[in-house]
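Notes to accompany the following structure.
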Amino acid sequence: MNAPFLWIGIPLIFAPLLWLPKRAQVTAFFGGSLALILALLAWFLPVDTALRITDTLSFKLAASFEILGRQISITPVDQPLIALIYGIIAFWFFGAGVARIARRLIPLGLGISALFIASLSVQPFLYAALLIETAVLVAVPLLSPPEKKPGRGIIRFLIYQTLAMPFILFSGWLLAGVESSPGDIVLLTQAATLLALGFAFLLAIFPLYTWIPMLMEEASPYAVGFVLWLLTNATLLFALSF
């Protein structure tokens with residue numbers, strides 16, 4: 001087994017299964033318990049270190065996994081962060097039953113959480129922008145149920161988050177040129193400008209925040225709070241890669 005499968009693959013596998021329970025409290029219990037178990041494993045289970053179970057049997061959790069030529073790697077340095085993220089997600093999931101949104105928030109929220117963990121672990125790191133955009137698309141049915149017509153807030157949220165992607169990808173391409181010619185001030189200025197615009201859209205920095213109050217009026221405040229908390233933290237951690 002490898003670490004990406006444990007903290008990314010397993011949540012993605014269990015996410016659709018959590019649609020099956022008919023009672024919201026059951027979904028909240030299983031979803032919160034799964035997130036709590038993943039947090040405890042991230043805190044106590046060592047990565048890339050052999051564990052001796054018996055005299056003849058040992059177990060080692062590999063740090064990396066390769067898919068489509070791209071590498072997803074979770075190192076021991078990342079484990080406290082993953083433990084913190086899944087630990088807080090467990091509190092969100094346990095509270096979702098009281099908020100009466102557990103049957104929609106927990107399956108979709110688990111998938112969104114796994115995609116954000118993947119965005120922090122993928123190499124080359126620019127592919128994180130595509131994983132964040134995928135998580136945003138998964139968040140749309142969470143914020144706007146299928147039986148309800150999408151409001152202006154959810155549409156503006158989707159547009160602004162999608163507009164951030166080309167800015168970030170172009171800035172990453174320009175930064176590759178900056179590495180080869182660090183004295184090119186014009187290229188550095190262009191890369192910094194595009195990067196600032198991309199993260200301004202992602203983080204809803206003034207004046208690009210108008211979708212937040214609109215979304216609060218149209219969707220469940222609990223679901224909006226979960227998405228904003230997870231999106232903001234994942235974006236800030238992704239920004240550190242630059």
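Within each chain, counting starts at residue 1; across the structure tokens, chains are named A, B, ... in the order shown, with ligands numbered 1 upward in that order.
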If you count only C-alpha atoms, which residues fall within 9 Å of Gly225 (chain A), apart from same-chain ones fewer than 5 positions away, as number ranges by chain? A: 216, 220, 230
Go ahead and write the selection's residues with N, CA and C atoms as a short mmCIF file (atom, residue, chain, number, x, y, z; two decimals), in the first residue's frame.
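Contents of again-v3.cif, as written:
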data_model
loop_
_atom_site.label_atom_id
_atom_site.label_comp_id
_atom_site.auth_asym_id
_atom_site.auth_seq_id
_atom_site.Cartn_x
_atom_site.Cartn_y
_atom_site.Cartn_z
N MET A 216 -24.14 32.91 0.13
CA MET A 216 -24.67 32.69 1.48
C MET A 216 -26.19 32.77 1.51
N SER A 220 -26.94 26.57 1.58
CA SER A 220 -26.84 26.33 3.03
C SER A 220 -25.59 27.00 3.58
N LEU A 230 -12.21 25.02 3.29
CA LEU A 230 -11.32 24.08 2.62
C LEU A 230 -10.64 24.73 1.42
#
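Within region 39-214 of chain A, DSSP run on the backbone puts these residues in strand (DSSP E): Ala50, Leu51, Arg52, Ser58, Phe59, Lys60, Ser64, Phe65, Glu66, Ile67, Arg70, Gln71, Ile72, Ser73, Val122 and Gln123 of chain A.
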Extract, using only C-alpha atoms, all DNA, RNA and protein residues at most 8 Å from Val136 (chain A), discarding same-chain residues fewer than 5 positions from it, and format them as a PDB file with N, CA and C atoms, in the first residue's frame.
ATOM      1  N   ILE A 112     -14.236  16.203  -2.261  1.00  0.00           N
ATOM      2  CA  ILE A 112     -13.549  17.490  -2.376  1.00  0.00           C
ATOM      3  C   ILE A 112     -12.287  17.496  -1.521  1.00  0.00           C
ATOM      4  N   LEU A 158     -18.509  29.793  -9.729  1.00  0.00           N
ATOM      5  CA  LEU A 158     -17.903  28.901 -10.707  1.00  0.00           C
ATOM      6  C   LEU A 158     -17.087  29.680 -11.734  1.00  0.00           C
ATOM      7  N   GLN A 161     -13.780  31.123 -10.024  1.00  0.00           N
ATOM      8  CA  GLN A 161     -12.801  30.079  -9.730  1.00  0.00           C
ATOM      9  C   GLN A 161     -12.193  29.515 -11.013  1.00  0.00           C
TER      10      GLN A 161
END
Counting only C-alpha atoms, what is within 12 Å of Leu45 (chain A), bar same-chain residues fewer than 6 positions away, as an MDAnalysis selection string? chainID A and resid 2:3 6:7 37:39 51 59:63 75:76 79:80 82:83
Write out the residues from the selection above, keeping all heavy atoms, as a compact mmCIF listing (two decimals), in the first residue's frame.
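again.txt, freshly written:
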# COMPACT_ATOMS: atom_id res chain seq x y z
N ASN A 2 0.35 2.33 -0.54
CA ASN A 2 1.10 3.58 -0.52
C ASN A 2 0.26 4.68 0.13
O ASN A 2 -0.97 4.57 0.24
CB ASN A 2 1.51 3.98 -1.94
CG ASN A 2 0.35 4.01 -2.90
OD1 ASN A 2 -0.52 4.87 -2.80
ND2 ASN A 2 0.31 3.06 -3.83
N ALA A 3 0.94 5.74 0.56
CA ALA A 3 0.28 6.82 1.29
C ALA A 3 -0.78 7.54 0.47
O ALA A 3 -1.86 7.84 1.00
CB ALA A 3 1.34 7.79 1.81
N LEU A 6 -3.99 5.65 0.59
CA LEU A 6 -4.63 5.67 1.90
C LEU A 6 -5.38 6.96 2.15
O LEU A 6 -6.53 6.95 2.62
CB LEU A 6 -3.57 5.44 2.99
CG LEU A 6 -4.06 5.46 4.44
CD1 LEU A 6 -5.09 4.38 4.68
CD2 LEU A 6 -2.87 5.28 5.39
N TRP A 7 -4.77 8.12 1.86
CA TRP A 7 -5.37 9.40 2.22
C TRP A 7 -6.06 10.11 1.07
O TRP A 7 -6.68 11.14 1.28
CB TRP A 7 -4.31 10.30 2.85
CG TRP A 7 -3.95 9.85 4.23
CD1 TRP A 7 -4.77 9.80 5.31
CD2 TRP A 7 -2.69 9.34 4.67
NE1 TRP A 7 -4.09 9.31 6.40
CE2 TRP A 7 -2.81 9.02 6.05
CE3 TRP A 7 -1.45 9.14 4.05
CZ2 TRP A 7 -1.76 8.51 6.79
CZ3 TRP A 7 -0.40 8.62 4.80
CH2 TRP A 7 -0.56 8.31 6.16
N ILE A 37 -10.53 8.59 11.56
CA ILE A 37 -9.58 7.48 11.42
C ILE A 37 -8.43 7.89 10.51
O ILE A 37 -7.26 7.61 10.80
CB ILE A 37 -10.30 6.22 10.89
CG1 ILE A 37 -11.23 5.66 11.95
CG2 ILE A 37 -9.29 5.16 10.45
CD1 ILE A 37 -12.15 4.57 11.46
N LEU A 38 -8.74 8.57 9.41
CA LEU A 38 -7.69 9.02 8.50
C LEU A 38 -6.76 10.02 9.19
O LEU A 38 -5.54 10.02 8.96
CB LEU A 38 -8.31 9.66 7.25
CG LEU A 38 -9.04 8.70 6.31
CD1 LEU A 38 -9.78 9.48 5.22
CD2 LEU A 38 -8.07 7.72 5.67
N ALA A 39 -7.33 10.88 10.04
CA ALA A 39 -6.50 11.84 10.79
C ALA A 39 -5.58 11.11 11.76
O ALA A 39 -4.39 11.44 11.87
CB ALA A 39 -7.40 12.82 11.53
N LEU A 51 7.61 -1.29 9.23
CA LEU A 51 7.08 -1.66 10.55
C LEU A 51 7.11 -3.18 10.68
O LEU A 51 6.56 -3.89 9.83
CB LEU A 51 5.65 -1.15 10.71
CG LEU A 51 5.44 0.37 10.77
CD1 LEU A 51 3.96 0.68 10.83
CD2 LEU A 51 6.15 0.96 11.96
N PHE A 59 5.66 -4.39 7.33
CA PHE A 59 4.76 -3.56 6.53
C PHE A 59 5.42 -2.21 6.31
O PHE A 59 5.99 -1.62 7.23
CB PHE A 59 3.43 -3.38 7.26
CG PHE A 59 2.50 -2.38 6.62
CD1 PHE A 59 1.74 -2.72 5.52
CD2 PHE A 59 2.41 -1.07 7.12
CE1 PHE A 59 0.90 -1.80 4.93
CE2 PHE A 59 1.56 -0.15 6.53
CZ PHE A 59 0.82 -0.52 5.43
N LYS A 60 5.33 -1.71 5.07
CA LYS A 60 5.91 -0.41 4.75
C LYS A 60 4.94 0.37 3.87
O LYS A 60 4.47 -0.13 2.85
CB LYS A 60 7.25 -0.58 4.02
CG LYS A 60 7.95 0.74 3.71
CD LYS A 60 9.28 0.51 3.03
CE LYS A 60 9.97 1.83 2.70
NZ LYS A 60 11.28 1.61 2.02
N LEU A 61 4.64 1.58 4.27
CA LEU A 61 3.74 2.46 3.53
C LEU A 61 4.58 3.34 2.61
O LEU A 61 5.30 4.22 3.08
CB LEU A 61 2.92 3.32 4.51
CG LEU A 61 1.73 4.08 3.94
CD1 LEU A 61 0.65 3.13 3.43
CD2 LEU A 61 1.14 5.01 4.99
N ALA A 62 4.49 3.07 1.32
CA ALA A 62 5.29 3.83 0.35
C ALA A 62 4.80 5.27 0.27
O ALA A 62 3.61 5.56 0.45
CB ALA A 62 5.22 3.18 -1.02
N ALA A 63 5.72 6.19 -0.01
CA ALA A 63 5.38 7.62 0.00
C ALA A 63 4.81 8.11 -1.31
O ALA A 63 4.09 9.10 -1.34
CB ALA A 63 6.63 8.44 0.35
N THR A 75 4.87 12.73 2.02
CA THR A 75 6.05 12.46 2.83
C THR A 75 5.73 12.60 4.31
O THR A 75 4.67 13.14 4.68
CB THR A 75 7.19 13.43 2.45
OG1 THR A 75 6.77 14.77 2.77
CG2 THR A 75 7.49 13.35 0.95
N PRO A 76 6.62 12.16 5.20
CA PRO A 76 6.39 12.36 6.64
C PRO A 76 6.20 13.82 7.02
O PRO A 76 5.51 14.12 8.01
CB PRO A 76 7.65 11.77 7.27
CG PRO A 76 8.11 10.73 6.29
CD PRO A 76 7.79 11.29 4.94
N GLN A 79 2.47 14.72 6.83
CA GLN A 79 1.50 14.00 7.66
C GLN A 79 0.83 14.85 8.73
O GLN A 79 -0.39 14.73 8.92
CB GLN A 79 2.17 12.77 8.29
CG GLN A 79 2.43 11.65 7.28
CD GLN A 79 2.97 10.41 7.94
OE1 GLN A 79 4.17 10.18 7.95
NE2 GLN A 79 2.09 9.61 8.52
N PRO A 80 1.55 15.70 9.48
CA PRO A 80 0.83 16.54 10.46
C PRO A 80 -0.23 17.43 9.81
O PRO A 80 -1.31 17.62 10.39
CB PRO A 80 1.95 17.37 11.09
CG PRO A 80 3.18 16.56 10.90
CD PRO A 80 3.01 15.87 9.58
N ILE A 82 -1.93 16.76 7.01
CA ILE A 82 -3.05 15.90 6.62
C ILE A 82 -3.87 15.51 7.85
O ILE A 82 -5.11 15.47 7.80
CB ILE A 82 -2.53 14.66 5.88
CG1 ILE A 82 -1.91 15.08 4.54
CG2 ILE A 82 -3.63 13.64 5.66
CD1 ILE A 82 -1.25 13.94 3.79
N ALA A 83 -3.19 15.23 8.95
CA ALA A 83 -3.90 14.90 10.19
C ALA A 83 -4.76 16.07 10.64
O ALA A 83 -5.91 15.88 11.07
CB ALA A 83 -2.90 14.51 11.28
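The protein and nucleic acid residues lying at most 9 Å from Leu236 (chain A) are Phe199, Leu203 and Leu231 of chain A, with only C-alpha atoms considered and sequence neighbours fewer than 5 positions away removed.
Of the residues listed (A:Leu36, A:Leu237, A:Ala223, A:Leu163), A:Leu163 shows the shortest atom-to-atom separation from Leu208 (chain A); distances use only C-alpha atoms.
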Residues near Ser241 (chain A), cut-off 12 Å, only C-alpha atoms, skip fewer than 5 positions along chain, as a ChimeraX atom specification: /A:119-129,168,172,175,195,234-236
Compile a residue-level contact table for region 106-200 of chain A against region 8-20 of chain A at a cut-off of 10 Å, reporting for every qualifying residue the shortest atom pair and its distance in Å to one decimal, with only C-alpha atoms counted, rows ordered by chain and ascending number, as CSV.
residue,atom,partner,partner_atom,distance
A:Ile106,CA,A:Leu18,CA,7.3
A:Pro107,CA,A:Ala15,CA,4.4
A:Leu108,CA,A:Ala15,CA,6.7
A:Gly109,CA,A:Ala15,CA,8.1
A:Leu110,CA,A:Ala15,CA,5.7
A:Gly111,CA,A:Leu12,CA,5.3
A:Ile112,CA,A:Leu12,CA,8.8
A:Ser113,CA,A:Pro11,CA,8.2
A:Ala114,CA,A:Ile8,CA,4.8
A:Leu115,CA,A:Ile8,CA,7.2
A:Phe116,CA,A:Ile8,CA,9.0
A:Ile117,CA,A:Ile8,CA,6.8
A:Ala118,CA,A:Ile8,CA,6.5
A:Ser121,CA,A:Ile8,CA,9.9
Would you mind exporting all heavy atoms of the selected residues as a CSV table (one decimal), in the first residue's frame?
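File selection-v5.csv, as written:
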chain,number,residue,atom,x,y,z
A,106,ILE,N,-21.5,15.2,3.1
A,106,ILE,CA,-20.5,14.3,3.5
A,106,ILE,C,-19.9,13.5,2.3
A,106,ILE,O,-18.7,13.5,2.1
A,106,ILE,CB,-20.9,13.3,4.6
A,106,ILE,CG1,-21.1,14.1,5.9
A,106,ILE,CG2,-20.0,12.2,4.8
A,106,ILE,CD1,-21.7,13.3,7.0
A,107,PRO,N,-20.8,12.9,1.4
A,107,PRO,CA,-20.2,12.3,0.2
A,107,PRO,C,-19.4,13.2,-0.7
A,107,PRO,O,-18.3,12.9,-1.1
A,107,PRO,CB,-21.4,11.7,-0.5
A,107,PRO,CG,-22.4,11.6,0.5
A,107,PRO,CD,-22.2,12.7,1.4
A,108,LEU,N,-20.0,14.4,-1.0
A,108,LEU,CA,-19.3,15.3,-1.8
A,108,LEU,C,-18.1,16.0,-1.1
A,108,LEU,O,-17.1,16.2,-1.7
A,108,LEU,CB,-20.3,16.4,-2.3
A,108,LEU,CG,-21.4,15.9,-3.2
A,108,LEU,CD1,-22.4,17.0,-3.5
A,108,LEU,CD2,-20.8,15.5,-4.6
A,109,GLY,N,-18.3,16.3,0.2
A,109,GLY,CA,-17.2,16.9,0.9
A,109,GLY,C,-16.0,16.0,1.1
A,109,GLY,O,-14.9,16.4,1.0
A,110,LEU,N,-16.2,14.7,1.2
A,110,LEU,CA,-15.1,13.7,1.3
A,110,LEU,C,-14.4,13.7,-0.1
A,110,LEU,O,-13.1,13.7,-0.1
A,110,LEU,CB,-15.7,12.3,1.6
A,110,LEU,CG,-14.7,11.3,2.1
A,110,LEU,CD1,-14.0,11.8,3.4
A,110,LEU,CD2,-15.3,10.0,2.4
A,111,GLY,N,-15.1,13.7,-1.2
A,111,GLY,CA,-14.4,13.8,-2.5
A,111,GLY,C,-13.6,15.1,-2.7
A,111,GLY,O,-12.5,15.1,-3.2
A,112,ILE,N,-14.2,16.2,-2.3
A,112,ILE,CA,-13.5,17.5,-2.4
A,112,ILE,C,-12.3,17.5,-1.5
A,112,ILE,O,-11.2,18.0,-1.9
A,112,ILE,CB,-14.5,18.6,-1.9
A,112,ILE,CG1,-15.7,18.8,-2.9
A,112,ILE,CG2,-13.8,20.0,-1.9
A,112,ILE,CD1,-16.8,19.7,-2.4
A,113,SER,N,-12.4,17.0,-0.3
A,113,SER,CA,-11.2,16.9,0.6
A,113,SER,C,-10.1,16.1,0.0
A,113,SER,O,-8.9,16.5,0.0
A,113,SER,CB,-11.6,16.3,1.9
A,113,SER,OG,-12.7,17.0,2.5
A,114,ALA,N,-10.4,14.9,-0.6
A,114,ALA,CA,-9.4,14.1,-1.2
A,114,ALA,C,-8.7,14.8,-2.4
A,114,ALA,O,-7.5,14.7,-2.6
A,114,ALA,CB,-10.0,12.8,-1.7
A,115,LEU,N,-9.5,15.5,-3.2
A,115,LEU,CA,-8.9,16.3,-4.3
A,115,LEU,C,-8.0,17.4,-3.9
A,115,LEU,O,-7.0,17.6,-4.5
A,115,LEU,CB,-10.1,16.8,-5.2
A,115,LEU,CG,-10.8,15.8,-6.0
A,115,LEU,CD1,-12.1,16.4,-6.6
A,115,LEU,CD2,-10.0,15.2,-7.1
A,116,PHE,N,-8.4,18.0,-2.8
A,116,PHE,CA,-7.5,19.1,-2.2
A,116,PHE,C,-6.2,18.5,-1.7
A,116,PHE,O,-5.1,19.1,-1.8
A,116,PHE,CB,-8.2,19.9,-1.2
A,116,PHE,CG,-9.1,21.0,-1.7
A,116,PHE,CD1,-10.4,21.2,-1.3
A,116,PHE,CD2,-8.7,21.8,-2.8
A,116,PHE,CE1,-11.2,22.1,-1.8
A,116,PHE,CE2,-9.5,22.8,-3.3
A,116,PHE,CZ,-10.8,23.0,-2.8
A,117,ILE,N,-6.3,17.3,-1.0
A,117,ILE,CA,-5.1,16.7,-0.5
A,117,ILE,C,-4.2,16.3,-1.7
A,117,ILE,O,-3.0,16.5,-1.7
A,117,ILE,CB,-5.4,15.4,0.3
A,117,ILE,CG1,-6.2,15.8,1.6
A,117,ILE,CG2,-4.2,14.6,0.6
A,117,ILE,CD1,-5.4,16.6,2.6
A,118,ALA,N,-4.8,15.8,-2.8
A,118,ALA,CA,-4.1,15.5,-4.0
A,118,ALA,C,-3.4,16.7,-4.6
A,118,ALA,O,-2.3,16.6,-5.1
A,118,ALA,CB,-5.0,14.8,-5.0
A,121,SER,N,-0.2,17.4,-3.1
A,121,SER,CA,0.8,16.3,-3.2
A,121,SER,C,1.3,16.0,-4.6
A,121,SER,O,2.3,15.3,-4.7
A,121,SER,CB,0.2,15.0,-2.6
A,121,SER,OG,-0.4,15.2,-1.4
Find the spatial neighbours of Tyr209 (chain A), counting only C-alpha atoms, within a cut-off of 12 Å - ignore same-chain residues fewer than 3 positions away - and output them as a PyMOL selection string. chain A and resi 153+156-157+160-161+200-206+212-216+228
Please identify the alpha helix (DSSP H) residues within region 66-131 of chain A (assignment by DSSP from backbone atoms) and present them as JSON, numbers by chain. {"A": [79, 80, 81, 82, 83, 84, 85, 86, 87, 88, 89, 90, 91, 92, 93, 94, 95, 96, 102, 103, 104, 105, 106, 107, 108, 109, 110, 111, 112, 113, 114, 115, 116, 117, 118, 119, 120, 121, 127, 128, 129, 130, 131]}
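Take CA of Ala35 (chain A) and CA of Tyr86 (chain A): the distance between them is 5.3 Å.
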Between A:Leu187, A:Ile132, A:Glu218, A:Arg100, which one has atoms that come closest to Pro145 (chain A), using only C-alpha atoms? A:Glu218
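Distances to Thr193 (chain A) were evaluated for A:Trp43, A:Phe167, A:Trp211, A:Phe5 using only C-alpha atoms, and the minimum falls at A:Phe167.
Residue nearest Leu34 (chain A) within the list A:Leu142, A:Ala196, A:Ile89, A:Ala135: A:Ile89 [criterion: smallest interatomic distance, only C-alpha atoms].
Atom pair CA of Ser64 (chain A) / CA of Ala239 (chain A) has a distance of 21.8 Å (rounded to one decimal).
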My list of candidates is A:Leu194, A:Ala139, A:Met165, A:Ala28. Which is closest to Ala99 (chain A) when distances are computed with only C-alpha atoms? A:Ala28
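Across the structure, CA of Ser171 (chain A) and CA of Phe238 (chain A) are spaced 13.7 Å apart.
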